[in-house]
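Okay, structure first, notes after.
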Amino acid sequence: MRKTLALAVAATATLTLLAAPAAATRPADLPADIDGGAWTEGHVQGIAIDQRKGYMYFSFTNVLVKTDLKGNPVGSVTGFTGHLGDLDLNAKDGRVYGSLEYKEQESFYIAIFDVDRITSMGMDAQTSDIVSTVYLKEVVADYTADMNGDGRFDGNVGNTPDHRYGCSGIDGVAFGPEFGKEHGKQKLTVAYGIYSNTTRQDNDHQVLLQYDVQQWRKYERPLTETAPHKSGPERVDGKFFAYTGNTTYGVQNLEYDEHTRNWMLAVYKGVKPQFPNYSFFMVRAADRPVTGELAGQPAPEQGRILPLAPGGLQDQATGVRGWQFNGEYGLASLDDGRYYVAKAGKVTEGGVTKNTGHAQLHRWTGSTPTPFEPVS
């Protein structure tokens with residue numbers, strides 16, 4: 001009996017060591033606030049957390065910051081002249097994926113960070129081999145579309161009929177199941193940025209692309225801003241549309257939440273008066289996309305439409321459902337009913353104005369109009 005008990009204790013201890021690396025933080029230990037620091041670069045755009053290893057990642061437009069879960073800086077990746085947006089951790093390969101835009105070069109990428117190698121401050125994105133990039137051809141095609149047929153692409157401006165669906169590039173990124181299957185294959189979902197333009201009717205959908213990234217290493221190339229590459233998948237695994245009304249720059253932060261099994265879409269509010277202009281939308285993972293006509297297109301067009309999740313607020317005139325919540329600067333689900341939500345701010349240090357970012361812990365309530373509350 002003693003020998004059996006000893007073996008059982010030893011086995012349990014071994015399993016505990018395997019399941020809980022030294023760097024891991026128990027759920028109860030998670031702080032209510034993680035400080036991402038103050039930076040002269042742009043405002044905070046997105047966050048990602050690696051609970052198992054004990055790190056938080058912040059995107060500040062053209063710098064990636066790595067901290068521990070107490071907010072102590074561990075390292076950073078600098079040297080971007082493009083726009084680094086939303087982030088998410090790929091649990092399968094341990095790397096952080098983010099949206100990266102070079103609008104003037106008409107190049108849009110997923111930036112992939114080998115985050116284990118981020119060990120010091122100011123590591124260069126182009127010379128340190130920490131960052132690889134994959135080109136998104138579908139996004140470029142929609143961004144550069146000459147919609148009025150005048151033979152000229154009008155470039156990075158919103159006040160134009162160009163840009164299919166109003167595409168301004170990409171922002172939100174997240175890993176989660178393929179749409180319509182709660183337990184479907186994990187894919188990377190990429191959300192379009194959408195220009196704010198009240199004079200057109202073809203920009204009232206959020207556009208979401210899904211990609212299977214298992215074979216993406218063959219596309220990955222180093223980041224070279226002086227000579228943007230075009231190595232990426234020829235086609236998407238799925239292109240989907242969610243009718244929300246026009247929002248200002250589309251889905252800023254996208255997240256899949258295993259707790260509610262919802263896709264969460266955080267946006268800057270739109271300004272079209274005929275829409276309710278909610279700041280937060282959800283799509284249930286189990287709801288299958290339905291093929292139907294896309295409203296407002298210059299020529300009849302069919303697309304795979306995602307129904308918005310029930311609950312929250314509903315506008316009777318448009319049928320749009322949503323919530324009011326400020327998750328547009330960063331949203332990371334812990335998949336247990338808790339979430340880190342980024343708060344942007346400014347501080348002046350030595351006469352220099354800097355942007356700050358804090359990841360603040362919230363819990364799910366499901367309430368209307370705001371389905372989260374802060375954890376103190």
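In the structure tokens, the first chain shown is A, the next is B, and so on; residue numbers restart at 1 for each chain, and ligands run from 1 in the order shown.
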
*Shell around segment 335-345 of chain A at 8 Å using only C-alpha atoms, local window under 4 positions removed, as a PyMOL selection string*: chain A and resi 43-44+46-47+257-260+327-331+355-364

Could those selected residues go to a file with N, CA, C and O atoms, as a PDB file, in the first residue's frame?
```
ATOM      1  N   HIS A  43      -0.465  55.126 -30.308  1.00  0.00           N
ATOM      2  CA  HIS A  43      -1.249  54.608 -29.193  1.00  0.00           C
ATOM      3  C   HIS A  43      -1.343  53.085 -29.251  1.00  0.00           C
ATOM      4  O   HIS A  43      -1.071  52.461 -30.278  1.00  0.00           O
ATOM      5  N   VAL A  44      -1.750  52.491 -28.147  1.00  0.00           N
ATOM      6  CA  VAL A  44      -1.847  51.037 -28.068  1.00  0.00           C
ATOM      7  C   VAL A  44      -2.915  50.544 -29.047  1.00  0.00           C
ATOM      8  O   VAL A  44      -4.005  51.097 -29.132  1.00  0.00           O
ATOM      9  N   GLY A  46      -3.269  46.841 -29.747  1.00  0.00           N
ATOM     10  CA  GLY A  46      -3.700  45.483 -29.483  1.00  0.00           C
ATOM     11  C   GLY A  46      -2.844  44.850 -28.410  1.00  0.00           C
ATOM     12  O   GLY A  46      -1.744  45.326 -28.100  1.00  0.00           O
ATOM     13  N   ILE A  47      -3.353  43.756 -27.837  1.00  0.00           N
ATOM     14  CA  ILE A  47      -2.630  43.017 -26.798  1.00  0.00           C
ATOM     15  C   ILE A  47      -2.786  41.522 -27.042  1.00  0.00           C
ATOM     16  O   ILE A  47      -3.726  41.073 -27.695  1.00  0.00           O
ATOM     17  N   ASP A 257     -13.567  33.938 -28.007  1.00  0.00           N
ATOM     18  CA  ASP A 257     -13.712  33.669 -26.582  1.00  0.00           C
ATOM     19  C   ASP A 257     -14.302  32.282 -26.377  1.00  0.00           C
ATOM     20  O   ASP A 257     -15.465  32.036 -26.708  1.00  0.00           O
ATOM     21  N   GLU A 258     -13.508  31.386 -25.821  1.00  0.00           N
ATOM     22  CA  GLU A 258     -13.959  30.017 -25.603  1.00  0.00           C
ATOM     23  C   GLU A 258     -15.037  29.946 -24.526  1.00  0.00           C
ATOM     24  O   GLU A 258     -15.866  29.035 -24.525  1.00  0.00           O
ATOM     25  N   HIS A 259     -15.066  30.902 -23.606  1.00  0.00           N
ATOM     26  CA  HIS A 259     -16.044  30.887 -22.515  1.00  0.00           C
ATOM     27  C   HIS A 259     -17.465  31.053 -23.050  1.00  0.00           C
ATOM     28  O   HIS A 259     -18.369  30.277 -22.697  1.00  0.00           O
ATOM     29  N   THR A 260     -17.681  32.060 -23.897  1.00  0.00           N
ATOM     30  CA  THR A 260     -19.010  32.284 -24.466  1.00  0.00           C
ATOM     31  C   THR A 260     -19.162  31.630 -25.831  1.00  0.00           C
ATOM     32  O   THR A 260     -20.270  31.559 -26.358  1.00  0.00           O
ATOM     33  N   GLY A 327     -13.523  48.171 -26.323  1.00  0.00           N
ATOM     34  CA  GLY A 327     -12.473  47.167 -26.446  1.00  0.00           C
ATOM     35  C   GLY A 327     -11.589  47.394 -27.651  1.00  0.00           C
ATOM     36  O   GLY A 327     -10.788  46.522 -28.017  1.00  0.00           O
ATOM     37  N   GLU A 328     -11.691  48.567 -28.261  1.00  0.00           N
ATOM     38  CA  GLU A 328     -11.024  48.801 -29.540  1.00  0.00           C
ATOM     39  C   GLU A 328      -9.506  48.954 -29.442  1.00  0.00           C
ATOM     40  O   GLU A 328      -8.799  48.857 -30.441  1.00  0.00           O
ATOM     41  N   TYR A 329      -8.973  49.174 -28.237  1.00  0.00           N
ATOM     42  CA  TYR A 329      -7.527  49.329 -28.084  1.00  0.00           C
ATOM     43  C   TYR A 329      -6.822  48.015 -27.751  1.00  0.00           C
ATOM     44  O   TYR A 329      -5.597  47.959 -27.740  1.00  0.00           O
ATOM     45  N   GLY A 330      -7.586  46.990 -27.454  1.00  0.00           N
ATOM     46  CA  GLY A 330      -6.978  45.705 -27.154  1.00  0.00           C
ATOM     47  C   GLY A 330      -7.914  44.841 -26.334  1.00  0.00           C
ATOM     48  O   GLY A 330      -8.552  45.324 -25.400  1.00  0.00           O
ATOM     49  N   LEU A 331      -8.004  43.556 -26.702  1.00  0.00           N
ATOM     50  CA  LEU A 331      -8.907  42.622 -26.032  1.00  0.00           C
ATOM     51  C   LEU A 331      -8.281  41.231 -26.084  1.00  0.00           C
ATOM     52  O   LEU A 331      -7.932  40.749 -27.171  1.00  0.00           O
ATOM     53  N   ASN A 355       2.595  57.819 -25.273  1.00  0.00           N
ATOM     54  CA  ASN A 355       1.373  57.017 -25.222  1.00  0.00           C
ATOM     55  C   ASN A 355       1.542  55.884 -24.230  1.00  0.00           C
ATOM     56  O   ASN A 355       2.575  55.212 -24.203  1.00  0.00           O
ATOM     57  N   THR A 356       0.504  55.675 -23.430  1.00  0.00           N
ATOM     58  CA  THR A 356       0.533  54.598 -22.454  1.00  0.00           C
ATOM     59  C   THR A 356      -0.508  53.535 -22.807  1.00  0.00           C
ATOM     60  O   THR A 356      -1.483  53.809 -23.510  1.00  0.00           O
ATOM     61  N   GLY A 357      -0.286  52.344 -22.298  1.00  0.00           N
ATOM     62  CA  GLY A 357      -1.251  51.259 -22.468  1.00  0.00           C
ATOM     63  C   GLY A 357      -1.303  50.409 -21.212  1.00  0.00           C
ATOM     64  O   GLY A 357      -0.254  50.026 -20.679  1.00  0.00           O
ATOM     65  N   HIS A 358      -2.491  50.156 -20.720  1.00  0.00           N
ATOM     66  CA  HIS A 358      -2.689  49.282 -19.569  1.00  0.00           C
ATOM     67  C   HIS A 358      -3.650  48.172 -19.970  1.00  0.00           C
ATOM     68  O   HIS A 358      -4.675  48.431 -20.599  1.00  0.00           O
ATOM     69  N   ALA A 359      -3.320  46.933 -19.597  1.00  0.00           N
ATOM     70  CA  ALA A 359      -4.241  45.813 -19.778  1.00  0.00           C
ATOM     71  C   ALA A 359      -4.972  45.621 -18.465  1.00  0.00           C
ATOM     72  O   ALA A 359      -4.359  45.284 -17.443  1.00  0.00           O
ATOM     73  N   GLN A 360      -6.280  45.854 -18.480  1.00  0.00           N
ATOM     74  CA  GLN A 360      -7.073  45.828 -17.260  1.00  0.00           C
ATOM     75  C   GLN A 360      -8.017  44.625 -17.257  1.00  0.00           C
ATOM     76  O   GLN A 360      -8.692  44.364 -18.248  1.00  0.00           O
ATOM     77  N   LEU A 361      -8.057  43.916 -16.142  1.00  0.00           N
ATOM     78  CA  LEU A 361      -8.812  42.677 -16.045  1.00  0.00           C
ATOM     79  C   LEU A 361     -10.312  42.956 -15.910  1.00  0.00           C
ATOM     80  O   LEU A 361     -10.742  43.797 -15.107  1.00  0.00           O
ATOM     81  N   HIS A 362     -11.109  42.246 -16.728  1.00  0.00           N
ATOM     82  CA  HIS A 362     -12.570  42.330 -16.684  1.00  0.00           C
ATOM     83  C   HIS A 362     -13.145  40.924 -16.570  1.00  0.00           C
ATOM     84  O   HIS A 362     -12.460  39.936 -16.837  1.00  0.00           O
ATOM     85  N   ARG A 363     -14.406  40.856 -16.186  1.00  0.00           N
ATOM     86  CA  ARG A 363     -15.122  39.574 -16.170  1.00  0.00           C
ATOM     87  C   ARG A 363     -16.410  39.701 -16.997  1.00  0.00           C
ATOM     88  O   ARG A 363     -16.972  40.796 -17.149  1.00  0.00           O
ATOM     89  N   TRP A 364     -16.858  38.574 -17.488  1.00  0.00           N
ATOM     90  CA  TRP A 364     -18.079  38.505 -18.283  1.00  0.00           C
ATOM     91  C   TRP A 364     -19.308  38.607 -17.382  1.00  0.00           C
ATOM     92  O   TRP A 364     -19.396  37.932 -16.354  1.00  0.00           O
TER      93      TRP A 364
END
```

*Test item, strand (DSSP E) assignment across segment 33-175 of chain A, answer as a ChimeraX atom specification*: /A:33-39,46-50,55-59,64-68,73-78,83-90,95-102,107-113,123-124,131-135,167-175

_List the spatial neighbours of Val320 of chain A as a PyMOL selection string - criterion: any atom at most 12 Å away, only C-alpha atoms, same-chain residues fewer than 2 positions off excluded._
chain A and resi 204-205+242-246+274-283+306-318+322-323

Expected file: the selected residues, N, CA, C and O atoms, as a compact mmCIF listing (two decimals), in the first residue's frame:
```txt
# COMPACT_ATOMS: atom_id res chain seq x y z
N ASP A 204 -20.96 48.82 -45.47
CA ASP A 204 -21.69 48.61 -44.23
C ASP A 204 -21.50 47.21 -43.63
O ASP A 204 -22.16 46.86 -42.65
N HIS A 205 -20.60 46.42 -44.21
CA HIS A 205 -20.29 45.10 -43.66
C HIS A 205 -18.88 45.11 -43.05
O HIS A 205 -17.98 45.79 -43.55
N ALA A 242 -20.29 40.52 -42.07
CA ALA A 242 -21.21 40.75 -40.95
C ALA A 242 -21.77 42.15 -41.10
O ALA A 242 -21.02 43.14 -41.15
N TYR A 243 -23.10 42.25 -41.17
CA TYR A 243 -23.77 43.52 -41.43
C TYR A 243 -23.95 44.28 -40.11
O TYR A 243 -24.80 43.95 -39.29
N THR A 244 -23.11 45.30 -39.92
CA THR A 244 -23.12 46.09 -38.69
C THR A 244 -23.42 47.56 -38.94
O THR A 244 -23.65 48.31 -38.00
N GLY A 245 -23.39 47.98 -40.19
CA GLY A 245 -23.31 49.40 -40.51
C GLY A 245 -21.85 49.81 -40.56
O GLY A 245 -20.98 49.17 -39.94
N ASN A 246 -21.57 50.86 -41.29
CA ASN A 246 -20.19 51.34 -41.42
C ASN A 246 -19.61 51.74 -40.06
O ASN A 246 -20.27 52.40 -39.27
N GLN A 274 -28.19 56.59 -40.07
CA GLN A 274 -29.23 55.57 -40.22
C GLN A 274 -28.92 54.28 -39.46
O GLN A 274 -29.74 53.36 -39.45
N PHE A 275 -27.72 54.21 -38.81
CA PHE A 275 -27.34 53.02 -38.05
C PHE A 275 -27.21 53.35 -36.57
O PHE A 275 -26.97 54.51 -36.20
N PRO A 276 -27.33 52.36 -35.70
CA PRO A 276 -27.22 52.62 -34.26
C PRO A 276 -25.79 52.91 -33.79
O PRO A 276 -25.58 53.45 -32.71
N ASN A 277 -24.81 52.51 -34.59
CA ASN A 277 -23.40 52.82 -34.31
C ASN A 277 -22.95 52.29 -32.94
O ASN A 277 -22.40 53.02 -32.12
N TYR A 278 -23.16 50.99 -32.75
CA TYR A 278 -22.65 50.32 -31.56
C TYR A 278 -21.12 50.20 -31.66
O TYR A 278 -20.55 50.25 -32.76
N SER A 279 -20.49 49.98 -30.52
CA SER A 279 -19.02 49.88 -30.51
C SER A 279 -18.52 48.44 -30.33
O SER A 279 -17.31 48.21 -30.34
N PHE A 280 -19.45 47.49 -30.19
CA PHE A 280 -19.05 46.11 -29.91
C PHE A 280 -20.09 45.17 -30.49
O PHE A 280 -21.30 45.37 -30.31
N PHE A 281 -19.62 44.14 -31.20
CA PHE A 281 -20.51 43.17 -31.82
C PHE A 281 -19.99 41.77 -31.52
O PHE A 281 -18.81 41.57 -31.22
N MET A 282 -20.87 40.79 -31.62
CA MET A 282 -20.46 39.40 -31.45
C MET A 282 -21.11 38.51 -32.50
O MET A 282 -22.21 38.81 -32.99
N VAL A 283 -20.40 37.44 -32.83
CA VAL A 283 -20.88 36.41 -33.75
C VAL A 283 -20.68 35.06 -33.06
O VAL A 283 -19.58 34.76 -32.59
N LEU A 306 -22.52 36.35 -41.99
CA LEU A 306 -22.52 35.87 -40.61
C LEU A 306 -23.60 36.61 -39.83
O LEU A 306 -23.58 37.85 -39.76
N PRO A 307 -24.53 35.90 -39.20
CA PRO A 307 -25.54 36.58 -38.38
C PRO A 307 -24.89 37.11 -37.10
O PRO A 307 -24.01 36.48 -36.51
N LEU A 308 -25.33 38.28 -36.65
CA LEU A 308 -24.86 38.82 -35.38
C LEU A 308 -25.50 38.06 -34.23
O LEU A 308 -26.66 37.63 -34.31
N ALA A 309 -24.76 37.91 -33.14
CA ALA A 309 -25.24 37.14 -32.00
C ALA A 309 -26.46 37.80 -31.37
O ALA A 309 -26.56 39.03 -31.32
N PRO A 310 -27.40 37.02 -30.89
CA PRO A 310 -28.56 37.59 -30.20
C PRO A 310 -28.16 38.19 -28.86
O PRO A 310 -27.08 37.93 -28.34
N GLY A 311 -29.09 38.98 -28.31
CA GLY A 311 -28.82 39.64 -27.04
C GLY A 311 -28.35 41.06 -27.26
O GLY A 311 -28.23 41.54 -28.38
N GLY A 312 -28.11 41.75 -26.17
CA GLY A 312 -27.63 43.11 -26.25
C GLY A 312 -28.70 44.07 -26.75
O GLY A 312 -29.89 43.88 -26.53
N LEU A 313 -28.26 45.08 -27.45
CA LEU A 313 -29.14 46.09 -28.02
C LEU A 313 -29.52 45.69 -29.43
O LEU A 313 -28.72 45.08 -30.14
N GLN A 314 -30.71 46.05 -29.87
CA GLN A 314 -31.11 45.79 -31.25
C GLN A 314 -31.81 47.00 -31.81
O GLN A 314 -32.72 47.56 -31.21
N ASP A 315 -31.33 47.41 -33.00
CA ASP A 315 -31.94 48.52 -33.71
C ASP A 315 -33.04 47.98 -34.61
O ASP A 315 -32.78 47.18 -35.52
N GLN A 316 -34.27 48.41 -34.38
CA GLN A 316 -35.40 47.87 -35.12
C GLN A 316 -35.35 48.24 -36.60
O GLN A 316 -35.77 47.45 -37.46
N ALA A 317 -34.85 49.41 -36.92
CA ALA A 317 -34.85 49.86 -38.32
C ALA A 317 -33.91 49.05 -39.19
O ALA A 317 -34.22 48.74 -40.35
N THR A 318 -32.73 48.70 -38.66
CA THR A 318 -31.72 48.01 -39.47
C THR A 318 -31.57 46.54 -39.10
O THR A 318 -30.99 45.77 -39.87
N GLY A 322 -25.94 44.75 -31.12
CA GLY A 322 -24.61 45.05 -30.60
C GLY A 322 -24.64 45.49 -29.16
O GLY A 322 -25.68 45.45 -28.49
N TRP A 323 -23.49 45.91 -28.69
CA TRP A 323 -23.31 46.35 -27.31
C TRP A 323 -22.49 47.64 -27.31
O TRP A 323 -21.93 48.03 -28.35
```

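The closest residue to Ser231 of chain A, picked from A:Pro300, A:His83, A:Lys218, A:Asp88 and counting only C-alpha atoms, is A:Lys218.
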